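*Asks:* Sharing run-v4.pdb, PDB, C-alpha atoms:
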ATOM      1  CA  MET A 289     -12.614 -46.757  35.894
ATOM      2  CA  ALA A 290     -12.564 -48.969  32.847
ATOM      3  CA  ARG A 291     -10.622 -52.183  33.149
ATOM      4  CA  ASP A 292      -7.577 -52.411  30.920
ATOM      5  CA  TRP A 293      -8.134 -55.637  29.059
ATOM      6  CA  ARG A 294      -6.094 -55.098  25.939
ATOM      7  CA  ARG A 295      -4.341 -57.997  24.325
ATOM      8  CA  ARG A 296      -0.857 -57.255  25.601
ATOM      9  CA  ARG A 297      -2.001 -57.515  29.163
ATOM     10  CA  ARG A 298      -4.090 -60.631  28.890
ATOM     11  CA  GLU A 299      -3.004 -64.200  28.884
ATOM     12  CA  PRO A 300      -6.013 -66.230  27.771
ATOM     13  CA  ALA A 301      -6.194 -69.812  28.869
ATOM     14  CA  HIS A 302      -5.823 -71.112  25.333
ATOM     15  CA  GLU A 303      -2.484 -69.424  24.810
ATOM     16  CA  ALA A 304      -0.989 -71.652  27.470
ATOM     17  CA  ASP A 305      -1.931 -74.882  25.724
ATOM     18  CA  ASP A 306      -1.775 -73.551  22.168
ATOM     19  CA  GLU A 307       1.120 -75.870  21.434
ATOM     20  CA  GLN A 308      -0.954 -78.929  22.306
ATOM     21  CA  ARG A 309      -4.292 -78.412  20.591
ATOM     22  CA  VAL A 310      -6.169 -76.055  18.313
ATOM     23  CA  PRO A 311      -9.550 -75.305  19.906
ATOM     24  CA  THR A 312     -12.808 -75.856  18.063
ATOM     25  CA  TRP A 313     -14.683 -72.845  16.760
ATOM     26  CA  GLU A 314     -17.349 -73.345  19.440
ATOM     27  CA  GLU A 315     -14.689 -73.234  22.149
ATOM     28  CA  ILE A 316     -13.260 -70.088  20.617
ATOM     29  CA  ALA A 317     -16.735 -68.562  20.512
ATOM     30  CA  ARG A 318     -17.317 -69.317  24.192
ATOM     31  CA  GLU A 319     -13.931 -68.198  25.414
ATOM     32  CA  TYR A 320     -13.474 -65.124  23.239
ATOM     33  CA  GLY A 321     -17.109 -64.122  22.762
ATOM     34  CA  ARG A 322     -16.813 -61.017  24.881
ATOM     35  CA  PHE A 323     -13.507 -60.012  23.307
ATOM     36  CA  LEU A 324     -14.976 -60.473  19.814
ATOM     37  CA  TYR A 325     -18.040 -58.478  20.718
ATOM     38  CA  THR A 326     -15.942 -55.632  22.123
ATOM     39  CA  VAL A 327     -13.781 -55.338  19.012
ATOM     40  CA  ALA A 328     -16.839 -55.696  16.763
ATOM     41  CA  PHE A 329     -18.749 -53.053  18.697
ATOM     42  CA  ARG A 330     -15.840 -50.601  18.636
ATOM     43  CA  LEU A 331     -15.605 -51.054  14.881
ATOM     44  CA  THR A 332     -19.301 -50.902  14.051
ATOM     45  CA  GLY A 333     -20.597 -48.752  16.906
ATOM     46  CA  ASN A 334     -23.884 -50.599  16.797
ATOM     47  CA  PRO A 335     -25.077 -53.677  18.763
ATOM     48  CA  ASP A 336     -26.912 -55.300  15.848
ATOM     49  CA  GLU A 337     -24.058 -54.787  13.436
ATOM     50  CA  ALA A 338     -21.627 -56.020  16.080
ATOM     51  CA  GLU A 339     -23.590 -59.273  16.394
ATOM     52  CA  ASP A 340     -23.682 -59.692  12.619
ATOM     53  CA  LEU A 341     -19.962 -59.066  12.481
ATOM     54  CA  VAL A 342     -19.248 -61.632  15.202
ATOM     55  CA  GLN A 343     -21.365 -64.142  13.259
ATOM     56  CA  ASP A 344     -19.342 -63.469  10.117
ATOM     57  CA  VAL A 345     -16.114 -63.780  12.105
ATOM     58  CA  LEU A 346     -17.109 -67.109  13.634
ATOM     59  CA  LEU A 347     -18.026 -68.478  10.211
ATOM     60  CA  ARG A 348     -14.601 -67.400   8.973
ATOM     61  CA  VAL A 349     -12.983 -68.924  12.055
ATOM     62  CA  ARG A 350     -14.715 -72.228  11.377
ATOM     63  CA  ARG A 351     -13.588 -72.208   7.755
ATOM     64  CA  GLY A 352     -10.070 -71.060   8.597
ATOM     65  CA  LEU A 353      -9.241 -73.170  11.646
ATOM     66  CA  ASP A 354      -7.062 -75.444   9.501
ATOM     67  CA  SER A 355      -4.844 -72.499   8.670
ATOM     68  CA  TYR A 356      -4.582 -71.253  12.248
ATOM     69  CA  VAL A 357      -1.006 -71.318  13.473
ATOM     70  CA  PRO A 358      -0.960 -71.601  17.265
ATOM     71  CA  GLY A 359       0.089 -68.293  18.736
ATOM     72  CA  SER A 360      -1.880 -65.282  19.797
ATOM     73  CA  MET A 361      -5.525 -66.250  19.422
ATOM     74  CA  GLU A 362      -6.664 -62.695  20.130
ATOM     75  CA  GLY A 363      -4.310 -61.378  17.474
ATOM     76  CA  TRP A 364      -5.692 -63.852  14.949
ATOM     77  CA  LEU A 365      -9.292 -63.058  15.882
ATOM     78  CA  SER A 366      -8.660 -59.318  15.732
ATOM     79  CA  ARG A 367      -7.249 -59.615  12.235
ATOM     80  CA  ILE A 368     -10.244 -61.664  11.084
ATOM     81  CA  THR A 369     -12.669 -59.237  12.713
ATOM     82  CA  THR A 370     -11.074 -56.181  11.136
ATOM     83  CA  ASN A 371     -10.915 -57.798   7.715
ATOM     84  CA  ALA A 372     -14.534 -58.955   7.959
ATOM     85  CA  PHE A 373     -15.539 -55.438   8.978
ATOM     86  CA  LEU A 374     -13.627 -53.773   6.126
ATOM     87  CA  ASP A 375     -14.954 -56.345   3.614
ATOM     88  CA  ASP A 376     -18.466 -55.503   4.745
ATOM     89  CA  VAL A 377     -17.766 -51.795   4.427
ATOM     90  CA  ARG A 378     -16.465 -52.283   0.890
ATOM     91  CA  ARG A 379     -19.514 -54.400   0.013
ATOM     92  CA  LYS A 380     -21.804 -51.684   1.275
ATOM     93  CA  ARG A 381     -19.882 -49.049  -0.667
ATOM     94  CA  ARG A 382     -20.466 -51.030  -3.841
ATOM     95  CA  ARG A 383     -24.168 -51.273  -3.009
ATOM     96  CA  PRO A 384     -24.843 -48.006  -1.217
ATOM     97  CA  VAL A 385     -27.979 -47.956   0.881
ATOM     98  CA  GLU A 386     -30.134 -44.899   1.154
ATOM     99  CA  ALA A 387     -28.808 -42.338   3.618
ATOM    100  CA  MET A 388     -30.645 -42.237   6.900
ATOM    101  CA  PRO A 389     -30.734 -38.613   7.995
ATOM    102  CA  ASP A 390     -33.398 -39.403  10.529
ATOM    103  CA  ASP A 391     -31.289 -41.882  12.416
ATOM    104  CA  PRO A 392     -31.024 -40.150  15.774
ATOM    105  CA  GLU A 393     -27.907 -42.046  16.734
ATOM    106  CA  ARG A 394     -25.964 -40.589  13.863
ATOM    107  CA  VAL A 395     -26.882 -37.011  14.551
ATOM    108  CA  LEU A 396     -24.449 -35.257  16.818
ATOM    109  CA  ALA A 397     -25.884 -32.982  19.445
ATOM    110  CA  GLY A 398     -25.607 -29.223  19.028
ATOM    111  CA  ALA A 399     -22.267 -27.616  19.755
ATOM    112  CA  PRO A 400     -21.665 -27.717  23.505
ATOM    113  CA  SER A 401     -19.811 -25.119  25.534
ATOM    114  CA  ALA A 402     -16.141 -25.735  26.313
ATOM    115  CA  ASP A 403     -16.908 -26.979  29.830
ATOM    116  CA  GLU A 404     -19.736 -29.182  28.615
ATOM    117  CA  ALA A 405     -17.458 -30.576  25.963
ATOM    118  CA  LEU A 406     -14.831 -31.499  28.522
ATOM    119  CA  GLU A 407     -17.421 -33.199  30.661
ATOM    120  CA  ARG A 408     -19.127 -34.896  27.742
ATOM    121  CA  ALA A 409     -15.892 -36.104  26.217
ATOM    122  CA  GLN A 410     -15.283 -38.375  29.164
ATOM    123  CA  LEU A 411     -18.515 -40.284  28.688
ATOM    124  CA  PRO A 412     -17.879 -43.594  26.946
ATOM    125  CA  ASP A 413     -20.906 -43.158  24.682
ATOM    126  CA  ASP A 414     -19.545 -39.871  23.368
ATOM    127  CA  VAL A 415     -16.156 -41.390  22.701
ATOM    128  CA  GLN A 416     -17.820 -44.355  20.980
ATOM    129  CA  ASN A 417     -19.961 -42.029  18.886
ATOM    130  CA  ALA A 418     -16.927 -39.970  17.910
ATOM    131  CA  LEU A 419     -15.086 -43.172  17.050
ATOM    132  CA  ARG A 420     -17.970 -44.238  14.846
ATOM    133  CA  GLU A 421     -17.799 -40.943  12.988
ATOM    134  CA  LEU A 422     -14.238 -41.629  11.835
ATOM    135  CA  PRO A 423     -13.670 -42.907   8.285
ATOM    136  CA  ASP A 424     -13.718 -46.723   8.395
ATOM    137  CA  ASP A 425     -10.046 -47.227   7.551
ATOM    138  CA  PHE A 426      -8.962 -44.730  10.191
ATOM    139  CA  ARG A 427     -11.270 -46.281  12.777
ATOM    140  CA  ALA A 428      -9.879 -49.750  12.051
ATOM    141  CA  ALA A 429      -6.311 -48.519  12.633
ATOM    142  CA  VAL A 430      -7.238 -46.705  15.858
ATOM    143  CA  VAL A 431      -9.223 -49.672  17.190
ATOM    144  CA  LEU A 432      -6.422 -52.125  16.421
ATOM    145  CA  CYS A 433      -3.955 -49.818  18.164
ATOM    146  CA  ASP A 434      -5.888 -48.564  21.169
ATOM    147  CA  VAL A 435      -8.538 -51.219  21.721
ATOM    148  CA  VAL A 436      -6.739 -54.398  20.686
ATOM    149  CA  GLY A 437      -3.202 -53.238  21.529
ATOM    150  CA  PHE A 438      -1.494 -54.158  18.253
ATOM    151  CA  THR A 439       1.902 -52.726  17.330
ATOM    152  CA  TYR A 440       2.143 -50.632  14.154
ATOM    153  CA  ASP A 441       3.783 -53.570  12.378
ATOM    154  CA  GLU A 442       0.924 -55.864  13.339
ATOM    155  CA  ILE A 443      -1.616 -53.294  12.171
ATOM    156  CA  ALA A 444       0.160 -52.895   8.850
ATOM    157  CA  ASP A 445       0.159 -56.675   8.486
ATOM    158  CA  SER A 446      -3.526 -56.979   9.414
ATOM    159  CA  LEU A 447      -4.724 -54.213   7.128
ATOM    160  CA  GLY A 448      -2.326 -55.007   4.306
ATOM    161  CA  VAL A 449      -1.021 -51.444   4.093
ATOM    162  CA  PRO A 450       2.460 -49.917   4.475
ATOM    163  CA  ILE A 451       3.511 -48.891   7.965
ATOM    164  CA  GLY A 452       3.620 -45.252   6.858
ATOM    165  CA  THR A 453      -0.096 -45.467   6.138
ATOM    166  CA  VAL A 454      -0.687 -46.939   9.589
ATOM    167  CA  ARG A 455       1.214 -44.100  11.285
ATOM    168  CA  SER A 456      -0.731 -41.568   9.311
ATOM    169  CA  ARG A 457      -4.130 -43.167   9.924
ATOM    170  CA  ILE A 458      -3.579 -43.517  13.654
ATOM    171  CA  HIS A 459      -2.395 -39.970  14.109
ATOM    172  CA  ARG A 460      -5.024 -38.406  11.902
ATOM    173  CA  GLY A 461      -7.680 -40.654  13.382
ATOM    174  CA  ARG A 462      -6.827 -39.443  16.873
ATOM    175  CA  SER A 463      -6.727 -35.823  15.743
ATOM    176  CA  MET A 464     -10.154 -36.172  14.118
ATOM    177  CA  LEU A 465     -11.483 -37.916  17.202
ATOM    178  CA  LYS A 466     -10.364 -35.072  19.423
ATOM    179  CA  GLU A 467     -11.917 -32.594  17.017
ATOM    180  CA  LYS A 468     -15.251 -34.419  17.218
ATOM    181  CA  LEU A 469     -15.119 -34.488  21.006
ATOM    182  CA  ARG A 470     -14.768 -30.728  21.318
TER     183      ARG A 470
ATOM    184  CA  VAL B 282      -3.727 -34.217   0.088
ATOM    185  CA  ASN B 283      -4.954 -37.779   0.208
ATOM    186  CA  ALA B 284      -5.498 -38.451   3.891
ATOM    187  CA  ASP B 285      -5.056 -42.141   3.281
ATOM    188  CA  GLU B 286      -1.530 -41.888   1.989
ATOM    189  CA  PRO B 287       1.514 -42.168   4.202
ATOM    190  CA  ILE B 288       3.391 -38.962   4.669
ATOM    191  CA  ARG B 289       6.107 -38.723   2.055
ATOM    192  CA  PRO B 290       7.517 -35.230   2.063
ATOM    193  CA  ASP B 291       9.454 -33.702  -0.746
ATOM    194  CA  ARG B 292      10.889 -30.763   1.124
ATOM    195  CA  PRO B 293      14.213 -30.647   2.981
ATOM    196  CA  ASP B 294      13.997 -30.891   6.725
ATOM    197  CA  PRO B 295      14.861 -27.642   8.452
ATOM    198  CA  LEU B 296      15.808 -29.611  11.563
ATOM    199  CA  VAL B 297      18.371 -31.788   9.831
ATOM    200  CA  PRO B 298      21.709 -30.679   8.371
ATOM    201  CA  GLU B 299      21.653 -31.450   4.664
ATOM    202  CA  SER B 300      24.751 -33.600   4.844
ATOM    203  CA  THR B 301      23.239 -36.127   7.264
ATOM    204  CA  GLY B 302      19.963 -36.720   5.423
ATOM    205  CA  SER B 303      16.809 -38.029   6.992
ATOM    206  CA  GLY B 304      17.722 -41.686   6.615
ATOM    207  CA  ALA B 305      20.389 -41.342   9.279
ATOM    208  CA  SER B 306      17.825 -41.469  12.049
ATOM    209  CA  GLY B 307      16.368 -44.870  11.262
ATOM    210  CA  ILE B 308      12.602 -44.529  10.923
ATOM    211  CA  ASP B 309      12.807 -41.878   8.265
ATOM    212  CA  ALA B 310      14.164 -44.080   5.571
ATOM    213  CA  ASP B 311      10.622 -43.833   4.190
ATOM    214  CA  GLY B 312       9.716 -40.392   5.426
ATOM    215  CA  ASP B 313      11.305 -37.108   6.270
ATOM    216  CA  TRP B 314      11.106 -34.694   9.127
ATOM    217  CA  ALA B 315       9.886 -31.863   6.926
ATOM    218  CA  ALA B 316       6.583 -33.633   6.278
ATOM    219  CA  GLU B 317       4.660 -31.439   8.662
ATOM    220  CA  GLY B 318       6.488 -28.221   7.916
ATOM    221  CA  GLY B 319       9.147 -28.914  10.509
ATOM    222  CA  HIS B 320       6.643 -30.066  13.124
ATOM    223  CA  LEU B 321       6.290 -33.579  14.459
ATOM    224  CA  GLY B 322       2.927 -34.573  12.956
ATOM    225  CA  TRP B 323       2.406 -38.348  13.029
ATOM    226  CA  ARG B 324       5.554 -38.734  15.142
ATOM    227  CA  LEU B 325       3.550 -37.430  18.092
ATOM    228  CA  SER B 326       1.305 -40.498  18.038
ATOM    229  CA  ALA B 327       4.253 -42.790  17.319
ATOM    230  CA  LEU B 328       6.062 -41.226  20.270
ATOM    231  CA  LEU B 329       3.084 -41.920  22.525
ATOM    232  CA  ASP B 330       2.890 -45.487  21.295
ATOM    233  CA  GLY B 331       6.600 -46.155  21.720
ATOM    234  CA  GLU B 332       6.899 -46.696  17.970
ATOM    235  CA  LEU B 333       9.781 -44.302  17.289
ATOM    236  CA  PRO B 334      13.368 -45.551  17.178
ATOM    237  CA  VAL B 335      15.483 -44.166  20.026
ATOM    238  CA  ALA B 336      17.308 -41.630  17.880
ATOM    239  CA  ASP B 337      14.047 -40.260  16.510
ATOM    240  CA  GLU B 338      12.462 -40.287  19.923
ATOM    241  CA  LEU B 339      15.230 -38.154  21.395
ATOM    242  CA  ARG B 340      14.983 -35.750  18.520
ATOM    243  CA  ALA B 341      11.206 -35.591  18.747
ATOM    244  CA  ARG B 342      11.335 -34.926  22.492
ATOM    245  CA  GLU B 343      13.875 -32.192  21.951
ATOM    246  CA  HIS B 344      11.634 -30.521  19.369
ATOM    247  CA  LEU B 345       8.641 -30.917  21.658
ATOM    248  CA  THR B 346      10.255 -28.938  24.472
ATOM    249  CA  SER B 347      10.581 -25.859  22.301
ATOM    250  CA  CYS B 348       7.479 -25.998  20.051
ATOM    251  CA  ASP B 349       4.153 -24.777  21.407
ATOM    252  CA  LEU B 350       2.259 -26.025  18.357
ATOM    253  CA  CYS B 351       3.533 -29.561  18.771
ATOM    254  CA  GLN B 352       2.936 -29.452  22.520
ATOM    255  CA  ASP B 353      -0.720 -28.560  21.916
ATOM    256  CA  GLU B 354      -1.126 -31.267  19.297
ATOM    257  CA  PHE B 355       0.631 -33.760  21.549
ATOM    258  CA  ALA B 356      -1.865 -33.004  24.338
ATOM    259  CA  GLU B 357      -4.741 -33.457  21.884
ATOM    260  CA  VAL B 358      -3.686 -36.849  20.567
ATOM    261  CA  MET B 359      -2.706 -37.980  24.039
ATOM    262  CA  SER B 360      -6.191 -37.290  25.343
ATOM    263  CA  ALA B 361      -7.862 -38.880  22.284
ATOM    264  CA  ARG B 362      -5.727 -41.970  22.826
ATOM    265  CA  ALA B 363      -6.576 -42.027  26.529
ATOM    266  CA  PHE B 364     -10.312 -41.732  25.784
ATOM    267  CA  VAL B 365     -10.286 -44.714  23.433
ATOM    268  CA  ARG B 366      -8.064 -46.773  25.727
ATOM    269  CA  GLY B 367     -10.345 -45.939  28.610
ATOM    270  CA  LEU B 368     -13.399 -47.368  26.841
ATOM    271  CA  GLY B 369     -12.714 -50.841  28.189
ATOM    272  CA  GLU B 370     -14.559 -54.028  27.458
ATOM    273  CA  VAL B 371     -18.130 -53.957  26.188
ATOM    274  CA  GLU B 372     -20.767 -55.925  28.051
ATOM    275  CA  PRO B 373     -22.499 -57.928  25.305
ATOM    276  CA  PRO B 374     -26.280 -58.299  25.384
ATOM    277  CA  GLN B 375     -27.468 -61.323  27.306
ATOM    278  CA  ASP B 376     -27.556 -64.522  25.220
ATOM    279  CA  TYR B 377     -25.928 -62.767  22.289
ATOM    280  CA  LEU B 378     -23.544 -65.656  21.755
ATOM    281  CA  ASP B 379     -26.364 -68.210  21.826
ATOM    282  CA  ARG B 380     -28.224 -66.153  19.229
ATOM    283  CA  VAL B 381     -25.165 -65.910  17.009
ATOM    284  CA  MET B 382     -24.379 -69.618  17.306
ATOM    285  CA  THR B 383     -27.990 -70.558  16.623
ATOM    286  CA  ARG B 384     -27.916 -68.423  13.473
ATOM    287  CA  ILE B 385     -24.682 -70.110  12.394
ATOM    288  CA  ASP B 386     -26.248 -73.538  12.990
ATOM    289  CA  ARG B 387     -29.330 -72.585  10.979
ATOM    290  CA  LYS B 388     -27.164 -71.267   8.183
ATOM    291  CA  THR B 389     -25.155 -74.487   8.219
ATOM    292  CA  HIS B 390     -28.286 -76.666   8.175
ATOM    293  CA  ALA B 391     -29.823 -74.606   5.388
ATOM    294  CA  ARG B 392     -26.632 -75.045   3.388
ATOM    295  CA  LEU B 393     -26.520 -78.775   4.089
ATOM    296  CA  GLY B 394     -30.196 -79.032   3.146
ATOM    297  CA  LEU B 395     -29.531 -77.281  -0.144
ATOM    298  CA  ILE B 396     -26.549 -79.519  -0.891
ATOM    299  CA  THR B 397     -28.636 -82.614  -0.089
ATOM    300  CA  LEU B 398     -31.466 -81.409  -2.327
ATOM    301  CA  VAL B 399     -29.117 -80.694  -5.228
ATOM    302  CA  ALA B 400     -27.423 -84.086  -4.793
ATOM    303  CA  PHE B 401     -30.820 -85.837  -4.629
ATOM    304  CA  MET B 402     -32.013 -84.101  -7.785
ATOM    305  CA  GLY B 403     -28.722 -84.880  -9.480
ATOM    306  CA  VAL B 404     -29.111 -88.568  -8.755
ATOM    307  CA  TRP B 405     -32.670 -88.554 -10.143
ATOM    308  CA  ILE B 406     -31.586 -86.709 -13.276
ATOM    309  CA  VAL B 407     -28.810 -89.243 -13.864
ATOM    310  CA  LEU B 408     -31.245 -92.135 -13.285
ATOM    311  CA  LEU B 409     -33.760 -90.629 -15.699
ATOM    312  CA  LEU B 410     -31.061 -90.111 -18.306
ATOM    313  CA  VAL B 411     -29.888 -93.706 -17.931
ATOM    314  CA  ALA B 412     -33.476 -94.919 -18.197
ATOM    315  CA  ALA B 413     -34.025 -92.810 -21.304
ATOM    316  CA  LEU B 414     -30.847 -94.211 -22.856
ATOM    317  CA  VAL B 415     -31.895 -97.768 -22.037
ATOM    318  CA  VAL B 416     -35.330 -97.191 -23.584
ATOM    319  CA  ALA B 417     -33.790 -95.599 -26.648
ATOM    320  CA  ALA B 418     -31.299 -98.474 -27.023
ATOM    321  CA  SER B 419     -33.989-101.146 -26.654
ATOM    322  CA  ASN B 420     -36.050 -99.507 -29.403
TER     323      ASN B 420
END
For the file at hand, write its structure as structure tokens.
*Replies:*
Amino acid sequence: MARDWRRRRREPAHEADDEQRVPTWEEIAREYGRFLYTVAFRLTGNPDEAEDLVQDVLLRVRRGLDSYVPGSMEGWLSRITTNAFLDDVRRKRRRPVEAMPDDPERVLAGAPSADEALERAQLPDDVQNALRELPDDFRAAVVLCDVVGFTYDEIADSLGVPIGTVRSRIHRGRSMLKEKLR
Amino acid sequence: VNADEPIRPDRPDPLVPESTGSGASGIDADGDWAAEGGHLGWRLSALLDGELPVADELRAREHLTSCDLCQDEFAEVMSARAFVRGLGEVEPPQDYLDRVMTRIDRKTHARLGLITLVAFMGVWIVLLLVAALVVAASN
């Protein structure tokens, strides 16, 4: 069974001494590397893109450490990661790359039977693939809610959208996800 | 319908007496119960996430007990939520962090190298200009 590691249930070492000292970006990288990779992978669905995203995040962390207000480090990192991801998505939309119909990872398998679907749907890879198929904005909301453990207010704040949009994206994202897992 | 837009219904809510209005229940100051044709819609996810005010939660639960459609949808979003929550932490590739940090270092050094080069060339250009001015003045 997967370990529940979401933000609300973790108390990273740095949060205890946040009042005393802001860590360096290298310390953040070492301590939160796995957390960053998990969020990045859930957003991108691809190991290479996840690494690129973590690199972008750490560069932003290094530049933005002066503006870091001691508090929830994971919350801060999650916001940076999501924004870096969405910025990258927008950049790619402006410069669309050629579609890759031959990419085997993006092609869903043929329609399974109901029993197969139930069985398949519990495999993490299938859930990850279905997650990757969601529109980027919907995926970001679902990941911030169900992977990171943000409240709706925090998600609205991170994505810079009204809370009504967050409610809608999360619900529709989950509905679409379930549809893809059939 | 733009899927990206928050739900902002323009129909009266069949579940709410007209005199009370939707704003009476807290959360619906910016939305109305008729948004999904009298069904719960996004409130199902908000209910699961504990994001509905108490008054709305009670009302949503009451509706849920008597609506098959909402019960089915509730089961769907509940399982989708459970699947994503059950994904857990990802095991990163070995040495991924070293690779990333090495790339950041290289990027930093390349940037510093470029800045140094530009500064060096700038100094030479200034020196050459000064020399040219001195030559011109002495002639």
*Asks:* Taking 3 positions as the minimum chain separation for residues in the same chain, which residues sit within 7 Å of Phe426 of chain A when counting all atoms listed in the file? Answer as JSON, numbers by chain.
*Replies:* {"A": [422, 423, 429, 430, 457, 458, 461]}
*Asks:* Return as a tab-separated table the residues of segment 353-406 of chain B lying at most 9 Å from segment 336-339 of chain A, together with the closest atom-to-atom pair for each and the distance in Å to one decimal, counting only C-alpha atoms, with rows in chain order and ascending residue number.
*Replies:*
residue	atom	partner	partner_atom	distance
B:Tyr377	CA	A:Glu339	CA	7.2
B:Leu378	CA	A:Glu339	CA	8.3
B:Arg380	CA	A:Glu339	CA	8.8
B:Val381	CA	A:Glu339	CA	6.8
*Asks:* Quick check, in Å to one decimal: how far apart do atom CA of Arg348 of chain A and atom CA of Gln416 of chain A lie?
*Replies:* 26.2 Å
*Asks:* Given the file shown, determine the residues that the ChimeraX specification (/B :<9) & /A selects; report them as JSON, numbers by chain.
*Replies:* {"A": [289, 290, 291, 292, 293, 294, 314, 317, 318, 321, 322, 323, 325, 326, 327, 329, 330, 335, 339, 340, 342, 343, 344, 346, 347, 409, 410, 411, 412, 413, 415, 416, 419, 425, 426, 430, 431, 433, 434, 435, 439, 440, 450, 451, 452, 453, 454, 455, 456, 457, 458, 459, 460, 462, 463, 464, 465, 466, 467, 469]}
*Asks:* Spell out the residues picked by the PyMOL selection byres ((chain A and resi 364) around 12) here, as a PyMOL selection string.
*Replies:* chain A and resi 295+303+316+320+324+345-346+348-349+352-353+355-363+365-371+432+436+438+442-443+445-446
*Asks:* Report, in Å to a single decimal, how far apart atom CA of Gln352 of chain B and atom CA of Asp337 of chain B are.
*Replies:*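 Atom CA of Asp337 of chain B sits 16.6 Å away from atom CA of Gln352 of chain B.
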*Asks:* I'd like the interatomic distance between atom CA of Val377 of chain A and atom CA of Asp441 of chain A, to a tenth of an Å.
*Replies:*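 Those two atoms sit 23.0 Å apart.
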